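As provided, run-v5.pdb (PDB, N, CA and C atoms) reads as follows.
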ATOM      1  N   MET A  40     257.780  10.684 192.115
ATOM      2  CA  MET A  40     257.947  11.037 190.725
ATOM      3  C   MET A  40     257.772   9.797 189.866
ATOM      4  N   SER A  41     257.287  10.004 188.676
ATOM      5  CA  SER A  41     257.105   8.888 187.765
ATOM      6  C   SER A  41     258.446   8.498 187.163
ATOM      7  N   SER A  42     258.453   7.349 186.484
ATOM      8  CA  SER A  42     259.700   6.860 185.908
ATOM      9  C   SER A  42     260.196   7.753 184.776
ATOM     10  N   SER A  43     259.305   8.533 184.157
ATOM     11  CA  SER A  43     259.714   9.411 183.067
ATOM     12  C   SER A  43     260.105  10.797 183.558
ATOM     13  N   GLY A  44     260.140  10.986 184.839
ATOM     14  CA  GLY A  44     260.523  12.275 185.391
ATOM     15  C   GLY A  44     259.371  12.930 186.111
ATOM     16  N   PRO A  45     259.644  14.099 186.662
ATOM     17  CA  PRO A  45     258.604  14.796 187.422
ATOM     18  C   PRO A  45     257.468  15.267 186.515
ATOM     19  N   SER A  46     256.267  15.307 187.077
ATOM     20  CA  SER A  46     255.087  15.701 186.320
ATOM     21  C   SER A  46     254.289  16.738 187.103
ATOM     22  N   LYS A  47     253.916  17.826 186.425
ATOM     23  CA  LYS A  47     253.084  18.844 187.074
ATOM     24  C   LYS A  47     251.711  18.271 187.416
ATOM     25  N   VAL A  48     251.169  17.449 186.531
ATOM     26  CA  VAL A  48     249.839  16.880 186.752
ATOM     27  C   VAL A  48     249.852  15.963 187.972
ATOM     28  N   THR A  49     250.824  15.057 188.024
ATOM     29  CA  THR A  49     250.917  14.142 189.159
ATOM     30  C   THR A  49     251.190  14.909 190.444
ATOM     31  N   GLY A  50     252.054  15.899 190.378
ATOM     32  CA  GLY A  50     252.371  16.696 191.554
ATOM     33  C   GLY A  50     251.151  17.433 192.083
ATOM     34  N   THR A  51     250.405  18.045 191.197
ATOM     35  CA  THR A  51     249.203  18.772 191.601
ATOM     36  C   THR A  51     248.156  17.821 192.171
ATOM     37  N   LYS A  52     248.016  16.654 191.547
ATOM     38  CA  LYS A  52     247.070  15.650 192.042
ATOM     39  C   LYS A  52     247.431  15.244 193.467
ATOM     40  N   ASP A  53     248.717  14.983 193.709
ATOM     41  CA  ASP A  53     249.148  14.594 195.057
ATOM     42  C   ASP A  53     248.980  15.733 196.057
ATOM     43  N   GLU A  54     249.188  16.964 195.612
ATOM     44  CA  GLU A  54     248.964  18.111 196.505
ATOM     45  C   GLU A  54     247.504  18.157 196.959
ATOM     46  N   VAL A  55     246.586  18.037 196.014
ATOM     47  CA  VAL A  55     245.157  18.136 196.312
ATOM     48  C   VAL A  55     244.688  16.948 197.153
ATOM     49  N   LEU A  56     245.050  15.735 196.724
ATOM     50  CA  LEU A  56     244.629  14.552 197.475
ATOM     51  C   LEU A  56     245.242  14.530 198.871
ATOM     52  N   GLY A  57     246.507  14.942 198.969
ATOM     53  CA  GLY A  57     247.170  14.987 200.266
ATOM     54  C   GLY A  57     246.508  15.965 201.210
ATOM     55  N   SER A  58     246.147  17.125 200.694
ATOM     56  CA  SER A  58     245.454  18.117 201.529
ATOM     57  C   SER A  58     244.117  17.587 202.014
ATOM     58  N   ALA A  59     243.386  16.952 201.098
ATOM     59  CA  ALA A  59     242.078  16.400 201.469
ATOM     60  C   ALA A  59     242.243  15.312 202.528
ATOM     61  N   LYS A  60     243.212  14.427 202.324
ATOM     62  CA  LYS A  60     243.450  13.346 203.278
ATOM     63  C   LYS A  60     243.855  13.910 204.642
ATOM     64  N   ALA A  61     244.703  14.913 204.648
ATOM     65  CA  ALA A  61     245.139  15.528 205.912
ATOM     66  C   ALA A  61     243.960  16.185 206.626
ATOM     67  N   THR A  62     243.110  16.859 205.881
ATOM     68  CA  THR A  62     241.944  17.518 206.470
ATOM     69  C   THR A  62     240.974  16.496 207.053
ATOM     70  N   ILE A  63     240.705  15.445 206.290
ATOM     71  CA  ILE A  63     239.807  14.396 206.779
ATOM     72  C   ILE A  63     240.397  13.725 208.018
ATOM     73  N   GLY A  64     241.681  13.410 207.963
ATOM     74  CA  GLY A  64     242.344  12.790 209.105
ATOM     75  C   GLY A  64     242.272  13.659 210.342
ATOM     76  N   SER A  65     242.497  14.947 210.171
ATOM     77  CA  SER A  65     242.429  15.890 211.291
ATOM     78  C   SER A  65     241.009  15.976 211.850
ATOM     79  N   THR A  66     240.046  16.020 210.945
ATOM     80  CA  THR A  66     238.645  16.151 211.346
ATOM     81  C   THR A  66     238.154  14.943 212.148
ATOM     82  N   ILE A  67     238.553  13.742 211.714
ATOM     83  CA  ILE A  67     238.068  12.544 212.402
ATOM     84  C   ILE A  67     239.020  12.071 213.496
ATOM     85  N   GLY A  68     240.109  12.812 213.687
ATOM     86  CA  GLY A  68     241.047  12.460 214.750
ATOM     87  C   GLY A  68     241.974  11.310 214.407
ATOM     88  N   ASN A  69     242.139  11.034 213.119
ATOM     89  CA  ASN A  69     243.025   9.963 212.670
ATOM     90  C   ASN A  69     244.379  10.595 212.335
ATOM     91  N   HIS A  70     245.286  10.577 213.301
ATOM     92  CA  HIS A  70     246.574  11.254 213.144
ATOM     93  C   HIS A  70     247.449  10.599 212.081
ATOM     94  N   LYS A  71     247.319   9.284 211.916
ATOM     95  CA  LYS A  71     248.097   8.593 210.886
ATOM     96  C   LYS A  71     247.659   9.077 209.497
ATOM     97  N   MET A  72     246.347   9.150 209.275
ATOM     98  CA  MET A  72     245.832   9.625 207.993
ATOM     99  C   MET A  72     246.242  11.075 207.760
ATOM    100  N   GLU A  73     246.183  11.876 208.785
ATOM    101  CA  GLU A  73     246.580  13.283 208.677
ATOM    102  C   GLU A  73     248.054  13.400 208.273
ATOM    103  N   ALA A  74     248.908  12.615 208.915
ATOM    104  CA  ALA A  74     250.344  12.646 208.609
ATOM    105  C   ALA A  74     250.616  12.149 207.183
ATOM    106  N   GLU A  75     249.916  11.091 206.790
ATOM    107  CA  GLU A  75     250.076  10.582 205.417
ATOM    108  C   GLU A  75     249.635  11.631 204.398
ATOM    109  N   GLY A  76     248.557  12.321 204.702
ATOM    110  CA  GLY A  76     248.074  13.379 203.810
ATOM    111  C   GLY A  76     249.059  14.527 203.696
ATOM    112  N   ASN A  77     249.621  14.921 204.825
ATOM    113  CA  ASN A  77     250.624  16.000 204.800
ATOM    114  C   ASN A  77     251.850  15.584 203.997
ATOM    115  N   ALA A  78     252.266  14.321 204.157
ATOM    116  CA  ALA A  78     253.432  13.829 203.406
ATOM    117  C   ALA A  78     253.128  13.787 201.906
ATOM    118  N   GLN A  79     251.932  13.316 201.553
ATOM    119  CA  GLN A  79     251.543  13.259 200.142
ATOM    120  C   GLN A  79     251.482  14.663 199.542
ATOM    121  N   HIS A  80     250.958  15.609 200.305
ATOM    122  CA  HIS A  80     250.895  17.000 199.841
ATOM    123  C   HIS A  80     252.311  17.541 199.592
ATOM    124  N   GLN A  81     253.218  17.310 200.531
ATOM    125  CA  GLN A  81     254.610  17.779 200.382
ATOM    126  C   GLN A  81     255.261  17.156 199.161
ATOM    127  N   HIS A  82     255.064  15.850 198.991
ATOM    128  CA  HIS A  82     255.643  15.153 197.840
ATOM    129  C   HIS A  82     255.111  15.762 196.540
ATOM    130  N   GLY A  83     253.808  16.025 196.500
ATOM    131  CA  GLY A  83     253.210  16.630 195.309
ATOM    132  C   GLY A  83     253.772  18.006 195.015
ATOM    133  N   THR A  84     253.956  18.797 196.054
ATOM    134  CA  THR A  84     254.519  20.136 195.886
ATOM    135  C   THR A  84     255.933  20.052 195.305
ATOM    136  N   LEU A  85     256.741  19.152 195.849
ATOM    137  CA  LEU A  85     258.110  19.003 195.358
ATOM    138  C   LEU A  85     258.139  18.512 193.918
ATOM    139  N   GLU A  86     257.261  17.569 193.585
ATOM    140  CA  GLU A  86     257.226  17.059 192.215
ATOM    141  C   GLU A  86     256.807  18.153 191.232
ATOM    142  N   ALA A  87     255.817  18.946 191.593
ATOM    143  CA  ALA A  87     255.378  20.027 190.710
ATOM    144  C   ALA A  87     256.498  21.057 190.491
ATOM    145  N   HIS A  88     257.220  21.377 191.561
ATOM    146  CA  HIS A  88     258.343  22.326 191.432
ATOM    147  C   HIS A  88     259.465  21.737 190.570
ATOM    148  N   ALA A  89     259.737  20.457 190.744
ATOM    149  CA  ALA A  89     260.775  19.800 189.943
ATOM    150  C   ALA A  89     260.387  19.796 188.461
ATOM    151  N   ALA A  90     259.120  19.544 188.164
ATOM    152  CA  ALA A  90     258.657  19.546 186.774
ATOM    153  C   ALA A  90     258.803  20.930 186.153
ATOM    154  N   THR A  91     258.493  21.963 186.919
ATOM    155  CA  THR A  91     258.640  23.337 186.432
ATOM    156  C   THR A  91     260.103  23.655 186.143
ATOM    157  N   ALA A  92     260.983  23.275 187.051
ATOM    158  CA  ALA A  92     262.414  23.530 186.862
ATOM    159  C   ALA A  92     262.940  22.799 185.630
ATOM    160  N   LYS A  93     262.493  21.556 185.439
ATOM    161  CA  LYS A  93     262.928  20.778 184.275
ATOM    162  C   LYS A  93     262.475  21.455 182.984
ATOM    163  N   GLN A  94     261.224  21.923 182.950
ATOM    164  CA  GLN A  94     260.707  22.581 181.761
ATOM    165  C   GLN A  94     261.458  23.882 181.478
ATOM    166  N   GLN A  95     261.773  24.642 182.513
ATOM    167  CA  GLN A  95     262.516  25.885 182.323
ATOM    168  C   GLN A  95     263.918  25.606 181.783
ATOM    169  N   ALA A  96     264.565  24.567 182.293
ATOM    170  CA  ALA A  96     265.913  24.216 181.820
ATOM    171  C   ALA A  96     265.876  23.778 180.356
ATOM    172  N   GLN A  97     264.869  22.978 179.996
ATOM    173  CA  GLN A  97     264.749  22.555 178.601
ATOM    174  C   GLN A  97     264.495  23.759 177.693
ATOM    175  N   GLY A  98     263.661  24.668 178.152
ATOM    176  CA  GLY A  98     263.375  25.866 177.366
ATOM    177  C   GLY A  98     264.607  26.729 177.174
ATOM    178  N   ALA A  99     265.390  26.881 178.230
ATOM    179  CA  ALA A  99     266.626  27.667 178.125
ATOM    180  C   ALA A  99     267.587  27.022 177.138
ATOM    181  N   GLY A 100     267.668  25.707 177.180
ATOM    182  CA  GLY A 100     268.544  24.994 176.241
ATOM    183  C   GLY A 100     268.099  25.188 174.803
ATOM    184  N   ASP A 101     266.801  25.062 174.548
ATOM    185  CA  ASP A 101     266.278  25.270 173.196
ATOM    186  C   ASP A 101     266.513  26.706 172.726
ATOM    187  N   HIS A 102     266.346  27.655 173.648
ATOM    188  CA  HIS A 102     266.532  29.072 173.311
ATOM    189  C   HIS A 102     267.986  29.349 172.914
ATOM    190  N   VAL A 103     268.917  28.841 173.696
ATOM    191  CA  VAL A 103     270.348  29.039 173.395
ATOM    192  C   VAL A 103     270.720  28.343 172.085
ATOM    193  N   TYR A 104     270.235  27.114 171.915
ATOM    194  CA  TYR A 104     270.516  26.381 170.674
ATOM    195  C   TYR A 104     269.994  27.166 169.469
ATOM    196  N   GLY A 105     268.783  27.692 169.575
ATOM    197  CA  GLY A 105     268.209  28.475 168.478
ATOM    198  C   GLY A 105     269.021  29.718 168.178
ATOM    199  N   HIS A 106     269.488  30.374 169.227
ATOM    200  CA  HIS A 106     270.311  31.577 169.042
ATOM    201  C   HIS A 106     271.597  31.227 168.282
ATOM    202  N   LEU A 107     272.254  30.147 168.704
ATOM    203  CA  LEU A 107     273.491  29.723 168.037
ATOM    204  C   LEU A 107     273.226  29.275 166.605
ATOM    205  N   GLN A 108     272.121  28.583 166.405
ATOM    206  CA  GLN A 108     271.755  28.122 165.073
ATOM    207  C   GLN A 108     271.509  29.314 164.141
ATOM    208  N   LYS A 109     270.816  30.326 164.630
ATOM    209  CA  LYS A 109     270.545  31.509 163.825
ATOM    210  C   LYS A 109     271.846  32.246 163.491
ATOM    211  N   ALA A 110     272.708  32.407 164.487
ATOM    212  CA  ALA A 110     273.984  33.101 164.261
ATOM    213  C   ALA A 110     274.852  32.347 163.251
ATOM    214  N   THR A 111     274.878  31.027 163.365
ATOM    215  CA  THR A 111     275.648  30.218 162.410
ATOM    216  C   THR A 111     275.082  30.381 161.007
ATOM    217  N   GLY A 112     273.758  30.379 160.904
ATOM    218  CA  GLY A 112     273.115  30.584 159.601
ATOM    219  C   GLY A 112     273.454  31.931 159.004
ATOM    220  N   GLN A 113     273.546  32.962 159.859
ATOM    221  CA  GLN A 113     273.904  34.294 159.364
ATOM    222  C   GLN A 113     275.332  34.307 158.831
ATOM    223  N   VAL A 114     276.247  33.667 159.575
ATOM    224  CA  VAL A 114     277.647  33.629 159.150
ATOM    225  C   VAL A 114     277.789  32.869 157.833
ATOM    226  N   LEU A 115     277.041  31.775 157.705
ATOM    227  CA  LEU A 115     277.136  30.957 156.501
ATOM    228  C   LEU A 115     276.259  31.457 155.357
ATOM    229  N   GLY A 116     275.410  32.448 155.631
ATOM    230  CA  GLY A 116     274.485  32.939 154.620
ATOM    231  C   GLY A 116     273.374  31.935 154.325
ATOM    232  N   ASN A 117     273.045  31.102 155.298
ATOM    233  CA  ASN A 117     272.036  30.058 155.133
ATOM    234  C   ASN A 117     270.717  30.524 155.764
ATOM    235  N   GLU A 118     269.808  30.987 154.919
ATOM    236  CA  GLU A 118     268.540  31.530 155.419
ATOM    237  C   GLU A 118     267.682  30.468 156.104
ATOM    238  N   LYS A 119     267.723  29.248 155.601
ATOM    239  CA  LYS A 119     266.933  28.175 156.207
ATOM    240  C   LYS A 119     267.398  27.930 157.647
ATOM    241  N   MET A 120     268.703  27.906 157.855
ATOM    242  CA  MET A 120     269.254  27.694 159.196
ATOM    243  C   MET A 120     268.884  28.861 160.117
ATOM    244  N   GLN A 121     268.890  30.061 159.568
ATOM    245  CA  GLN A 121     268.509  31.230 160.363
ATOM    246  C   GLN A 121     267.050  31.120 160.820
ATOM    247  N   MET A 122     266.175  30.706 159.915
ATOM    248  CA  MET A 122     264.757  30.556 160.247
ATOM    249  C   MET A 122     264.548  29.444 161.269
ATOM    250  N   GLU A 123     265.261  28.336 161.099
ATOM    251  CA  GLU A 123     265.156  27.238 162.062
ATOM    252  C   GLU A 123     265.633  27.699 163.440
ATOM    253  N   GLY A 124     266.650  28.533 163.451
ATOM    254  CA  GLY A 124     267.143  29.086 164.704
ATOM    255  C   GLY A 124     266.093  29.945 165.377
ATOM    256  N   GLU A 125     265.399  30.764 164.602
ATOM    257  CA  GLU A 125     264.320  31.595 165.155
ATOM    258  C   GLU A 125     263.212  30.723 165.739
ATOM    259  N   VAL A 126     262.880  29.642 165.034
ATOM    260  CA  VAL A 126     261.836  28.733 165.511
ATOM    261  C   VAL A 126     262.265  28.095 166.834
ATOM    262  N   ASN A 127     263.502  27.640 166.913
ATOM    263  CA  ASN A 127     263.991  27.013 168.145
ATOM    264  C   ASN A 127     264.071  28.008 169.303
ATOM    265  N   LYS A 128     264.449  29.243 169.003
ATOM    266  CA  LYS A 128     264.451  30.277 170.050
ATOM    267  C   LYS A 128     263.038  30.493 170.585
ATOM    268  N   ALA A 129     262.082  30.606 169.684
ATOM    269  CA  ALA A 129     260.688  30.815 170.093
ATOM    270  C   ALA A 129     260.149  29.613 170.860
ATOM    271  N   LYS A 130     260.509  28.417 170.429
ATOM    272  CA  LYS A 130     260.090  27.194 171.115
ATOM    273  C   LYS A 130     260.633  27.201 172.544
ATOM    274  N   GLY A 131     261.893  27.539 172.695
ATOM    275  CA  GLY A 131     262.507  27.606 174.023
ATOM    276  C   GLY A 131     261.874  28.666 174.895
ATOM    277  N   GLN A 132     261.616  29.831 174.315
ATOM    278  CA  GLN A 132     260.982  30.907 175.084
ATOM    279  C   GLN A 132     259.585  30.493 175.513
ATOM    280  N   GLY A 133     258.884  29.802 174.644
ATOM    281  CA  GLY A 133     257.544  29.325 174.988
ATOM    282  C   GLY A 133     257.568  28.361 176.164
ATOM    283  N   LYS A 134     258.531  27.448 176.169
ATOM    284  CA  LYS A 134     258.654  26.506 177.287
ATOM    285  C   LYS A 134     258.940  27.245 178.597
ATOM    286  N   MET A 135     259.825  28.227 178.512
ATOM    287  CA  MET A 135     260.166  28.975 179.728
ATOM    288  C   MET A 135     258.975  29.794 180.223
ATOM    289  N   ASP A 136     258.228  30.374 179.296
ATOM    290  CA  ASP A 136     257.081  31.222 179.662
ATOM    291  C   ASP A 136     255.934  30.416 180.281
ATOM    292  N   THR A 137     255.777  29.164 179.858
ATOM    293  CA  THR A 137     254.664  28.357 180.348
ATOM    294  C   THR A 137     255.044  27.478 181.538
ATOM    295  N   ALA A 138     256.303  27.513 181.938
ATOM    296  CA  ALA A 138     256.747  26.670 183.062
ATOM    297  C   ALA A 138     256.151  27.145 184.371
TER     298      ALA A 138
END

Can you present the structure in this file as structure tokens?
Amino acid sequence: MSSSGPSKVTGTKDEVLGSAKATIGSTIGNHKMEAEGNAQHQHGTLEAHAATAKQQAQGAGDHVYGHLQKATGQVLGNEKMQMEGEVNKAKGQGKMDTA
């Protein structure tokens, strides 16, 4: 994983490169290369899954925050806060949907 957290792009790259390395290693009889490729593929798979989970958690947080913001705006009669709450709910739902 990168220092800024898990990345879908990096994870997918490692999955693809790891698979290729494992296949080449197997084909030429290089067991070390094959094992390294399998390990790289596994690492990539885990990183991609971690990135998805992180995005879903962030989306859920934004969605809940937006819901609370909208409800608070309704109680206070603050239309701007209600609209901002709707925007945050939609932003959170979008993150969850694209994860």

Under the rule of at most 5 Å, produce a per-residue listing of region 85-132 of chain A near region 41-63 of chain A: chain, number, name, the closest pair of atoms, and the distance in Å, as CSV, using only N, CA and C atoms.
residue,atom,partner,partner_atom,distance
A:Glu86,C,A:Gly50,CA,4.7
A:Ala87,N,A:Gly50,CA,4.1
A:Ala90,CA,A:Pro45,C,4.4

TODO: Can you work out the spacing between atom C of Asn117 (chain A) and atom C of Met135 (chain A) in Å, to one decimal?
DONE: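 Computing the Euclidean distance for atom C of Asn117 (chain A) and atom C of Met135 (chain A) yields 27.1 Å.
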
Given the file shown, determine the residues that the PyMOL selection byres ((chain A and resi 127) around 6.5) selects; report them as a PDB file with N, CA and C atoms, in the frame of the given file.
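Written out: selection-v5.pdb:
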ATOM      1  N   ASP A 101     266.801  25.062 174.548  1.00  0.00           N
ATOM      2  CA  ASP A 101     266.278  25.270 173.196  1.00  0.00           C
ATOM      3  C   ASP A 101     266.513  26.706 172.726  1.00  0.00           C
ATOM      4  N   HIS A 102     266.346  27.655 173.648  1.00  0.00           N
ATOM      5  CA  HIS A 102     266.532  29.072 173.311  1.00  0.00           C
ATOM      6  C   HIS A 102     267.986  29.349 172.914  1.00  0.00           C
ATOM      7  N   TYR A 104     270.235  27.114 171.915  1.00  0.00           N
ATOM      8  CA  TYR A 104     270.516  26.381 170.674  1.00  0.00           C
ATOM      9  C   TYR A 104     269.994  27.166 169.469  1.00  0.00           C
ATOM     10  N   GLY A 105     268.783  27.692 169.575  1.00  0.00           N
ATOM     11  CA  GLY A 105     268.209  28.475 168.478  1.00  0.00           C
ATOM     12  C   GLY A 105     269.021  29.718 168.178  1.00  0.00           C
ATOM     13  N   HIS A 106     269.488  30.374 169.227  1.00  0.00           N
ATOM     14  CA  HIS A 106     270.311  31.577 169.042  1.00  0.00           C
ATOM     15  C   HIS A 106     271.597  31.227 168.282  1.00  0.00           C
ATOM     16  N   MET A 122     266.175  30.706 159.915  1.00  0.00           N
ATOM     17  CA  MET A 122     264.757  30.556 160.247  1.00  0.00           C
ATOM     18  C   MET A 122     264.548  29.444 161.269  1.00  0.00           C
ATOM     19  N   GLU A 123     265.261  28.336 161.099  1.00  0.00           N
ATOM     20  CA  GLU A 123     265.156  27.238 162.062  1.00  0.00           C
ATOM     21  C   GLU A 123     265.633  27.699 163.440  1.00  0.00           C
ATOM     22  N   GLY A 124     266.650  28.533 163.451  1.00  0.00           N
ATOM     23  CA  GLY A 124     267.143  29.086 164.704  1.00  0.00           C
ATOM     24  C   GLY A 124     266.093  29.945 165.377  1.00  0.00           C
ATOM     25  N   GLU A 125     265.399  30.764 164.602  1.00  0.00           N
ATOM     26  CA  GLU A 125     264.320  31.595 165.155  1.00  0.00           C
ATOM     27  C   GLU A 125     263.212  30.723 165.739  1.00  0.00           C
ATOM     28  N   VAL A 126     262.880  29.642 165.034  1.00  0.00           N
ATOM     29  CA  VAL A 126     261.836  28.733 165.511  1.00  0.00           C
ATOM     30  C   VAL A 126     262.265  28.095 166.834  1.00  0.00           C
ATOM     31  N   LYS A 128     264.449  29.243 169.003  1.00  0.00           N
ATOM     32  CA  LYS A 128     264.451  30.277 170.050  1.00  0.00           C
ATOM     33  C   LYS A 128     263.038  30.493 170.585  1.00  0.00           C
ATOM     34  N   ALA A 129     262.082  30.606 169.684  1.00  0.00           N
ATOM     35  CA  ALA A 129     260.688  30.815 170.093  1.00  0.00           C
ATOM     36  C   ALA A 129     260.149  29.613 170.860  1.00  0.00           C
ATOM     37  N   LYS A 130     260.509  28.417 170.429  1.00  0.00           N
ATOM     38  CA  LYS A 130     260.090  27.194 171.115  1.00  0.00           C
ATOM     39  C   LYS A 130     260.633  27.201 172.544  1.00  0.00           C
ATOM     40  N   GLY A 131     261.893  27.539 172.695  1.00  0.00           N
ATOM     41  CA  GLY A 131     262.507  27.606 174.023  1.00  0.00           C
ATOM     42  C   GLY A 131     261.874  28.666 174.895  1.00  0.00           C
ATOM     43  N   GLN A 132     261.616  29.831 174.315  1.00  0.00           N
ATOM     44  CA  GLN A 132     260.982  30.907 175.084  1.00  0.00           C
ATOM     45  C   GLN A 132     259.585  30.493 175.513  1.00  0.00           C
TER      46      GLN A 132
END

Using only C-alpha atoms, the residue out of A:Ser65, A:Glu75, A:Gln81, A:Gln95 with shortest distance to Ala138 (chain A) is A:Gln95

Please compute the CA of Ala89 (chain A)-atom N of Asp136 (chain A) distance, one decimal, in Å.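 These atoms are spaced 15.2 Å apart.
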
One decimal, in Å: what's the spacing between atom N of His88 (chain A) and CA of Lys134 (chain A)?
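Distance reported for this atom pair: 15.2 Å.
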
Padding of 3 Å on every side, edges along x, y and z, all listed atoms of region 44-58 of chain A included: what centre and edge lengths in Å, to one decimal, does that box have, as JSON?
{"center_x": 252.3, "center_y": 14.9, "center_z": 193.4, "size_x": 22.4, "size_y": 13.9, "size_z": 23.2}
